[in-house]
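Data from start.txt: compact mmCIF, C-alpha atoms
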# COMPACT_ATOMS: atom_id res chain seq x y z
CA MET A 1 11.75 -13.88 -13.32
CA SER A 2 9.28 -15.37 -10.90
CA ILE A 3 12.03 -16.83 -8.72
CA VAL A 4 13.32 -13.28 -8.17
CA ILE A 5 9.88 -12.10 -7.03
CA ILE A 6 9.43 -15.10 -4.75
CA GLY A 7 12.88 -14.57 -3.20
CA THR A 8 12.36 -10.86 -2.62
CA PHE A 9 8.91 -11.21 -1.13
CA GLY A 10 9.96 -14.20 0.94
CA ALA A 11 12.78 -12.17 2.48
CA ILE A 12 10.37 -9.29 3.21
CA MET A 13 7.92 -11.77 4.79
CA ILE A 14 10.60 -13.16 7.10
CA ALA A 15 11.65 -9.64 8.15
CA ALA A 16 8.02 -8.65 8.75
CA ALA A 17 7.44 -11.77 10.86
CA ILE A 18 10.50 -11.05 13.01
CA PHE A 19 9.36 -7.45 13.40
CA ALA A 20 5.85 -8.58 14.38
CA ILE A 21 7.31 -10.79 17.12
CA TYR A 22 9.75 -8.31 18.61
CA SER A 23 7.71 -5.10 18.26
CA GLN A 24 6.62 -3.54 21.56
CA ASN A 25 3.62 -1.92 19.89
CA ILE A 26 0.60 -4.15 19.27
CA LEU A 27 -0.81 -2.08 16.41
CA SER A 28 2.51 -2.24 14.57
CA ALA A 29 2.51 -6.01 14.98
CA ILE A 30 -1.00 -6.17 13.49
CA ILE A 31 0.05 -4.05 10.49
CA SER A 32 3.11 -6.23 10.00
CA ALA A 33 0.97 -9.37 10.05
CA GLY A 34 -1.20 -7.80 7.35
CA VAL A 35 1.92 -7.28 5.22
CA ILE A 36 2.78 -10.97 5.58
CA SER A 37 -0.65 -12.02 4.28
CA LEU A 38 -0.56 -9.58 1.37
CA LEU A 39 2.84 -10.80 0.20
CA ALA A 40 1.84 -14.44 0.69
CA SER A 41 -1.04 -13.91 -1.72
CA ILE A 42 1.39 -12.67 -4.40
CA ILE A 43 3.51 -15.77 -3.90
CA TYR A 44 0.39 -17.91 -4.31
CA ILE A 45 -0.28 -16.16 -7.63
CA LEU A 46 3.22 -16.97 -8.85
CA LEU A 47 2.70 -20.59 -7.83
CA ALA A 48 -0.35 -20.66 -10.19
CA ALA A 49 -3.08 -20.73 -7.55
CA PRO A 50 -5.21 -17.61 -8.11
CA ASP A 51 -8.18 -18.86 -6.09
CA VAL A 52 -6.00 -19.46 -3.04
CA ALA A 53 -4.49 -16.02 -3.58
CA MET A 54 -7.93 -14.37 -3.56
CA THR A 55 -8.88 -16.20 -0.37
CA GLU A 56 -5.59 -15.33 1.30
CA ALA A 57 -5.98 -11.65 0.41
CA ALA A 58 -9.57 -11.53 1.65
CA ILE A 59 -9.18 -13.55 4.85
CA GLY A 60 -5.60 -12.91 5.83
CA SER A 61 -5.39 -9.23 5.16
CA GLY A 62 -8.94 -7.95 5.48
CA LEU A 63 -10.82 -10.07 7.98
CA THR A 64 -7.91 -10.97 10.27
CA THR A 65 -6.78 -7.35 10.56
CA VAL A 66 -10.28 -6.14 11.41
CA VAL A 67 -10.81 -8.93 13.95
CA PHE A 68 -7.45 -8.15 15.60
CA LEU A 69 -8.34 -4.46 15.77
CA LEU A 70 -11.73 -5.24 17.33
CA ALA A 71 -10.07 -7.48 19.92
CA LEU A 72 -7.48 -4.79 20.70
CA ARG A 73 -10.26 -2.22 21.17
CA ARG A 74 -12.12 -4.59 23.49
CA ILE A 75 -8.98 -5.19 25.56
CA GLN A 76 -8.36 -1.44 25.89
CA VAL A 77 -11.94 -0.79 27.07
CA ASN A 78 -11.74 -3.59 29.65
CA GLN A 79 -8.43 -2.32 31.00
CA ALA A 80 -9.78 1.23 31.25
CA GLU A 81 -12.81 0.05 33.22
CA LYS A 82 -10.80 -2.18 35.52
CA GLU A 83 -7.97 0.18 36.36
CA ASP A 84 -10.19 3.27 36.60
CA GLY A 85 -7.80 5.22 34.44
CA SER A 86 -7.52 6.32 30.90
CA ALA A 87 -7.05 3.68 28.27
CA GLU A 88 -3.50 2.57 27.84
CA GLU A 89 -1.84 4.11 24.83
CA VAL A 90 -0.90 1.40 22.39
CA ILE A 91 -1.18 3.51 19.26
CA ASP A 92 2.09 5.42 19.19
CA ASP A 93 5.53 4.22 19.91
CA MET B 94 12.72 -6.82 -26.56
CA ALA B 95 9.37 -6.32 -24.87
CA ASN B 96 10.13 -9.00 -22.30
CA LEU B 97 13.40 -7.26 -21.45
CA LEU B 98 11.62 -3.91 -21.01
CA PHE B 99 8.96 -5.41 -18.76
CA SER B 100 11.65 -7.24 -16.77
CA VAL B 101 13.37 -3.92 -16.10
CA ALA B 102 10.06 -2.32 -15.05
CA LEU B 103 9.24 -5.24 -12.75
CA SER B 104 12.70 -5.07 -11.16
CA ILE B 105 12.28 -1.35 -10.45
CA ALA B 106 8.87 -2.00 -8.90
CA LEU B 107 10.33 -4.76 -6.69
CA LEU B 108 13.05 -2.36 -5.54
CA ALA B 109 10.32 0.16 -4.70
CA VAL B 110 8.51 -2.43 -2.56
CA VAL B 111 11.73 -3.17 -0.66
CA ILE B 112 12.44 0.53 -0.07
CA SER B 113 8.90 1.16 1.18
CA PHE B 114 9.20 -1.74 3.57
CA PHE B 115 12.05 -0.01 5.42
CA ARG B 116 9.67 2.79 6.38
CA LEU B 117 7.35 0.15 7.83
CA LEU B 118 10.24 -1.11 9.94
CA ILE B 119 11.60 2.24 11.16
CA GLY B 120 8.48 4.44 11.11
CA PRO B 121 8.12 6.25 14.42
CA SER B 122 4.33 6.10 14.73
CA ALA B 123 1.62 3.74 13.56
CA ALA B 124 0.41 6.26 10.96
CA ASP B 125 3.81 6.09 9.22
CA ARG B 126 3.59 2.32 9.11
CA THR B 127 0.11 2.50 7.65
CA VAL B 128 1.33 4.89 4.94
CA ALA B 129 4.11 2.44 4.11
CA LEU B 130 1.57 -0.42 3.98
CA ASP B 131 -0.61 1.59 1.60
CA GLY B 132 2.31 2.34 -0.70
CA MET B 133 3.49 -1.27 -0.64
CA THR B 134 0.09 -2.63 -1.63
CA ILE B 135 -0.36 -0.18 -4.49
CA ILE B 136 3.08 -1.03 -5.86
CA SER B 137 2.28 -4.72 -5.38
CA ILE B 138 -0.78 -4.36 -7.64
CA SER B 139 1.59 -3.34 -10.43
CA VAL B 140 3.79 -6.34 -9.63
CA ILE B 141 0.80 -8.69 -9.85
CA THR B 142 -0.22 -7.27 -13.22
CA ALA B 143 3.32 -7.62 -14.54
CA ALA B 144 3.36 -11.23 -13.33
CA ALA B 145 0.08 -11.76 -15.21
CA PHE B 146 1.77 -10.40 -18.34
CA PHE B 147 4.75 -12.72 -17.97
CA LEU B 148 2.66 -15.78 -17.24
CA GLY B 149 0.12 -14.87 -19.93
CA ARG B 150 -3.07 -15.45 -17.95
CA VAL B 151 -5.78 -12.80 -17.68
CA ILE B 152 -7.33 -14.35 -14.55
CA TYR B 153 -4.55 -12.91 -12.40
CA ILE B 154 -5.83 -9.38 -13.02
CA ASP B 155 -9.01 -10.39 -11.15
CA VAL B 156 -6.79 -11.25 -8.20
CA ALA B 157 -5.27 -7.77 -8.48
CA LEU B 158 -8.78 -6.26 -8.30
CA VAL B 159 -9.65 -8.24 -5.16
CA TYR B 160 -6.27 -7.30 -3.71
CA ALA B 161 -6.88 -3.58 -4.31
CA LEU B 162 -10.33 -3.74 -2.71
CA ILE B 163 -9.16 -5.65 0.36
CA SER B 164 -6.08 -3.52 0.96
CA PHE B 165 -8.24 -0.38 0.69
CA LEU B 166 -10.61 -1.75 3.33
CA GLY B 167 -7.71 -2.71 5.58
CA VAL B 168 -6.17 0.77 5.39
CA ILE B 169 -9.56 2.36 6.13
CA ALA B 170 -10.03 0.09 9.17
CA ILE B 171 -6.56 0.87 10.56
CA ALA B 172 -7.07 4.61 10.01
CA ARG B 173 -10.41 4.53 11.81
CA PHE B 174 -8.74 2.68 14.67
CA ILE B 175 -5.98 5.30 14.89
CA GLU B 176 -8.51 8.13 14.84
CA ARG B 177 -10.90 7.02 17.57
CA GLY B 178 -10.65 3.29 18.13
CA LEU B 179 -12.75 1.65 15.37
CA MET C 180 1.93 -6.36 -39.15
CA GLU C 181 4.12 -3.47 -38.17
CA LEU C 182 1.80 -2.50 -35.33
CA GLN C 183 2.04 -5.93 -33.73
CA SER C 184 5.76 -5.53 -33.17
CA VAL C 185 5.69 -1.87 -32.13
CA LEU C 186 2.97 -2.04 -29.47
CA PRO C 187 4.78 -4.27 -26.91
CA VAL C 188 7.91 -2.11 -27.07
CA LEU C 189 5.83 1.06 -26.60
CA GLY C 190 4.02 -0.55 -23.66
CA GLY C 191 7.33 -1.59 -22.13
CA LEU C 192 8.68 1.94 -22.32
CA ILE C 193 5.53 3.38 -20.71
CA SER C 194 5.77 0.73 -17.98
CA ILE C 195 9.37 1.68 -17.25
CA VAL C 196 8.33 5.33 -16.84
CA GLY C 197 5.59 4.24 -14.44
CA ALA C 198 8.03 2.05 -12.51
CA LEU C 199 10.36 5.02 -12.14
CA PHE C 200 7.49 6.99 -10.62
CA LEU C 201 6.86 4.10 -8.23
CA LEU C 202 10.55 4.15 -7.26
CA LEU C 203 10.36 7.91 -6.67
CA ALA C 204 7.32 7.35 -4.45
CA ALA C 205 9.20 4.76 -2.40
CA VAL C 206 12.21 7.06 -2.00
CA GLY C 207 9.83 9.82 -0.93
CA ILE C 208 8.25 7.55 1.67
CA ILE C 209 11.72 7.04 3.14
CA ARG C 210 13.06 10.58 2.83
CA MET C 211 10.14 12.88 3.69
CA PRO C 212 10.23 14.47 7.16
CA ASP C 213 6.77 13.88 8.65
CA VAL C 214 3.73 11.69 8.19
CA TYR C 215 1.75 14.17 6.09
CA ASN C 216 4.51 14.62 3.52
CA ARG C 217 5.02 10.88 3.38
CA MET C 218 1.32 10.41 2.79
CA GLN C 219 1.35 12.97 0.00
CA THR C 220 4.21 11.37 -1.87
CA GLY C 221 3.02 7.88 -1.03
CA THR C 222 -0.37 8.28 -2.64
CA LYS C 223 -0.03 10.85 -5.42
CA ALA C 224 3.15 9.46 -6.95
CA THR C 225 2.00 5.85 -6.63
CA THR C 226 -1.29 6.75 -8.31
CA LEU C 227 0.49 8.20 -11.36
CA GLY C 228 3.03 5.37 -11.40
CA SER C 229 0.35 2.68 -11.22
CA ILE C 230 -1.66 4.31 -13.99
CA LEU C 231 1.36 4.40 -16.31
CA PHE C 232 2.52 0.89 -15.39
CA LEU C 233 -0.90 -0.70 -15.90
CA LEU C 234 -1.52 1.28 -19.09
CA GLY C 235 1.77 0.04 -20.51
CA ILE C 236 0.73 -3.57 -19.91
CA GLY C 237 -2.67 -2.80 -21.43
CA ILE C 238 -0.98 -1.42 -24.56
CA ALA C 239 1.25 -4.46 -24.83
CA GLU C 240 -1.76 -6.82 -24.52
CA PRO C 241 -4.70 -4.94 -26.09
CA SER C 242 -7.21 -7.70 -25.32
CA TRP C 243 -6.74 -7.09 -21.57
CA LEU C 244 -7.47 -3.41 -21.82
CA GLY C 245 -11.00 -3.62 -20.36
CA LYS C 246 -9.98 -5.13 -17.04
CA ILE C 247 -6.92 -2.91 -16.82
CA VAL C 248 -9.02 0.22 -17.30
CA LEU C 249 -11.34 -1.07 -14.56
CA LEU C 250 -8.34 -1.55 -12.25
CA ILE C 251 -7.04 1.94 -13.06
CA LEU C 252 -10.46 3.46 -12.32
CA PHE C 253 -10.58 1.59 -9.01
CA ILE C 254 -7.14 2.89 -8.01
CA VAL C 255 -8.03 6.44 -9.04
CA PHE C 256 -11.22 6.36 -6.97
CA THR C 257 -9.94 4.65 -3.82
CA ASN C 258 -6.43 6.07 -3.44
CA PRO C 259 -7.41 9.66 -2.54
CA ILE C 260 -9.99 8.32 -0.08
CA SER C 261 -7.42 6.31 1.85
CA SER C 262 -5.03 9.28 1.79
CA HIS C 263 -7.72 11.57 3.16
CA VAL C 264 -8.75 9.16 5.91
CA LEU C 265 -5.13 8.61 6.96
CA ALA C 266 -4.36 12.33 7.06
CA ARG C 267 -7.51 12.98 9.08
CA ALA C 268 -6.64 10.21 11.53
CA ALA C 269 -3.10 11.54 11.96
CA HIS C 270 -4.35 15.09 12.49
CA PHE C 271 -6.94 14.19 15.10
CA ARG C 272 -4.41 11.91 16.75
CA GLY C 273 -2.26 15.02 17.31
CA ILE C 274 0.80 14.03 15.30
CA PRO C 275 2.76 17.30 14.84
CA LEU C 276 3.87 18.82 11.56
CA ALA C 277 7.52 18.78 10.57
CA GLU C 278 9.98 21.57 11.26
CA GLY C 279 9.53 24.30 8.69
CA SER C 280 5.87 23.63 7.90
CA VAL C 281 4.09 26.89 7.14
CA ARG C 282 0.41 26.45 7.74
CA ASP C 283 -2.13 23.96 9.15
CA CYS C 284 -5.44 24.97 7.60
CA LEU C 285 -7.55 22.35 9.39
CA ALA C 286 -6.31 23.57 12.78
CA ASP C 287 -7.08 27.14 11.71
CA ASP C 288 -10.61 26.14 10.76
CA GLU C 289 -11.12 24.49 14.14
CA ALA C 290 -9.84 27.64 15.86
CA GLY C 291 -12.26 29.74 13.83
CA GLU C 292 -9.68 31.80 12.03
CA GLN C 293 -10.28 33.02 8.52
CA GLY C 294 -6.89 33.12 6.89
CA VAL C 295 -5.27 32.55 3.57
CA CYS C 296 -6.84 29.12 3.37
CA GLU C 297 -10.11 30.34 1.92
The structure given in the file should be rewritten as structure tokens.
Amino acid sequence: MSIVIIGTFGAIMIAAAIFAIYSQNILSAIISAGVISLLASIIYILLAAPDVAMTEAAIGSGLTTVVFLLALRRIQVNQAEKEDGSAEEVIDD
Amino acid sequence: MANLLFSVALSIALLAVVISFFRLLIGPSAADRTVALDGMTIISISVITAAAFFLGRVIYIDVALVYALISFLGVIAIARFIERGL
Amino acid sequence: MELQSVLPVLGGLISIVGALFLLLAAVGIIRMPDVYNRMQTGTKATTLGSILFLLGIGIAEPSWLGKIVLLILFIVFTNPISSHVLARAAHFRGIPLAEGSVRDCLADDEAGEQGVCE
């Protein structure tokens, strides 16, 4: 049973990684990277490493997403100050 | 008998994760993708608990608790970013 | 002796019902027309499905019931909050309603109208 879960989530992780690379929208790429970390933590559970899974869920999904969002916000503010225009819209496609 | 029933339930939950992931791929705006992420993580909590049942170890439910907490914080952070930029 | 063999089967059946609700939630996330409807089906249906799924596992393994009830309580408390925050973010972002939507009560409140929403 666990090989089915690992195969399914591995396929979803590969698709999410390809989407994160080729997406034109930075926020979508950040969300997709969060999906990769969340599914990786499930695979760590199935490989009998619950401590690694907890760390992966906390660091990979929570902290990395928030740090990416903070960096994206900082980049938008800098661009708005430099170009003397409104901040570039990266939220919506 | 019980293992067969839980295998069927786990397979349906896996199919639900795969279907939700398509909305993350095709969703027109970032809010749609965040909704899909939220649904995927809540279904994944059920998958983790079913895996804990199959493997017979209660420690994996603690991982599910941490997972629920972290995914909740991530969704809140992304929603705040969409609303007014964190 | 009889109870020991009945409980896992009962838990398995309850888990299958919960998994069907999870599948319905996923289909709703794909099929619904706009972000608000997707949010509604993506949090309400997954809440009910998760409760049934986890409760089925708790019935099958009665010694795990404490942690599973804690997990259910956590999901019940946090899931509406994330739904609310997402809907608020989408509304203030200006994402439009779908074709055929009848009423936007939050926009009416901002405009100062007193309508059927009260």
Using only C-alpha atoms and a cutoff of 10 Å, can you tell me which residues are near (-1.5, -7.8, 12.7) in the file's coordinates, and write them out as a PyMOL selection string? chain A and resi 17+20+26-37+60-61+64-69
I'd like the contact shell of Thr257 of chain C - 7 Å cut-off, all atoms listed in the file, skipping same-chain residues fewer than 4 positions apart - returned as a ChimeraX atom specification. /B:165 /C:253,261
Residues of chain C within 7 Å of chain B, counting all atoms listed in the file, what are they? List them as an mmCIF file with C-alpha atoms, in the frame of the given file.
data_model
loop_
_atom_site.group_PDB
_atom_site.id
_atom_site.type_symbol
_atom_site.label_atom_id
_atom_site.label_comp_id
_atom_site.auth_asym_id
_atom_site.auth_seq_id
_atom_site.Cartn_x
_atom_site.Cartn_y
_atom_site.Cartn_z
ATOM 1 C CA PRO C 187 4.780 -4.270 -26.910
ATOM 2 C CA VAL C 188 7.910 -2.110 -27.070
ATOM 3 C CA GLY C 191 7.330 -1.590 -22.130
ATOM 4 C CA LEU C 192 8.680 1.940 -22.320
ATOM 5 C CA SER C 194 5.770 0.730 -17.980
ATOM 6 C CA ILE C 195 9.370 1.680 -17.250
ATOM 7 C CA ALA C 198 8.030 2.050 -12.510
ATOM 8 C CA LEU C 199 10.360 5.020 -12.140
ATOM 9 C CA LEU C 201 6.860 4.100 -8.230
ATOM 10 C CA LEU C 202 10.550 4.150 -7.260
ATOM 11 C CA ALA C 205 9.200 4.760 -2.400
ATOM 12 C CA VAL C 206 12.210 7.060 -2.000
ATOM 13 C CA ILE C 208 8.250 7.550 1.670
ATOM 14 C CA ILE C 209 11.720 7.040 3.140
ATOM 15 C CA VAL C 214 3.730 11.690 8.190
ATOM 16 C CA MET C 218 1.320 10.410 2.790
ATOM 17 C CA GLY C 221 3.020 7.880 -1.030
ATOM 18 C CA THR C 222 -0.370 8.280 -2.640
ATOM 19 C CA THR C 225 2.000 5.850 -6.630
ATOM 20 C CA SER C 229 0.350 2.680 -11.220
ATOM 21 C CA PHE C 232 2.520 0.890 -15.390
ATOM 22 C CA LEU C 233 -0.900 -0.700 -15.900
ATOM 23 C CA TRP C 243 -6.740 -7.090 -21.570
ATOM 24 C CA LEU C 250 -8.340 -1.550 -12.250
ATOM 25 C CA THR C 257 -9.940 4.650 -3.820
ATOM 26 C CA SER C 261 -7.420 6.310 1.850
ATOM 27 C CA VAL C 264 -8.750 9.160 5.910
ATOM 28 C CA LEU C 265 -5.130 8.610 6.960
ATOM 29 C CA ALA C 268 -6.640 10.210 11.530
ATOM 30 C CA ALA C 269 -3.100 11.540 11.960
ATOM 31 C CA PHE C 271 -6.940 14.190 15.100
ATOM 32 C CA ARG C 272 -4.410 11.910 16.750
#
Nearest to chain B by atom-to-atom distance, counting all atoms listed in the file, from A:Gly10, A:Met54, A:Asn25, A:Ala15: A:Met54
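If you measure from each of A:Leu70, A:Ala16, A:Ile6, A:Ile21 to Leu47 of chain A using all atoms listed in the file, the closest one turns out to be A:Ile6.
Across the model, the gap from atom CA of Gly207 of chain C to atom CA of Ile3 of chain A is 27.9 Å.
With all atoms listed in the file as the basis for measurement, C:Gly228 is the residue among C:Gly228, C:Pro212, C:Pro241, C:Gly235 that approaches Ile254 of chain C most closely.
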What lies within 10 Å of Asp51 of chain A using only C-alpha atoms, ignoring chain neighbours under 3 positions off, as a ChimeraX atom specification? /A:41,44-45,48,54-57 /B:152-153,155-156
As a check of understanding: the span from atom CA of Phe147 of chain B to atom CA of Val4 of chain A is 13.0 Å
Expressed in Å, the length from atom CA of Pro259 of chain C to atom CA of Leu285 of chain C is 17.4 Å
Could you put an axis-aligned box around every listed atom of segment 1-16 of chain A, padded by 4 Å on each side, and send me its centre and edge lengths in Å to one decimal, as JSON?
{"center_x": 10.6, "center_y": -12.7, "center_z": -2.3, "size_x": 13.4, "size_y": 16.2, "size_z": 30.1}
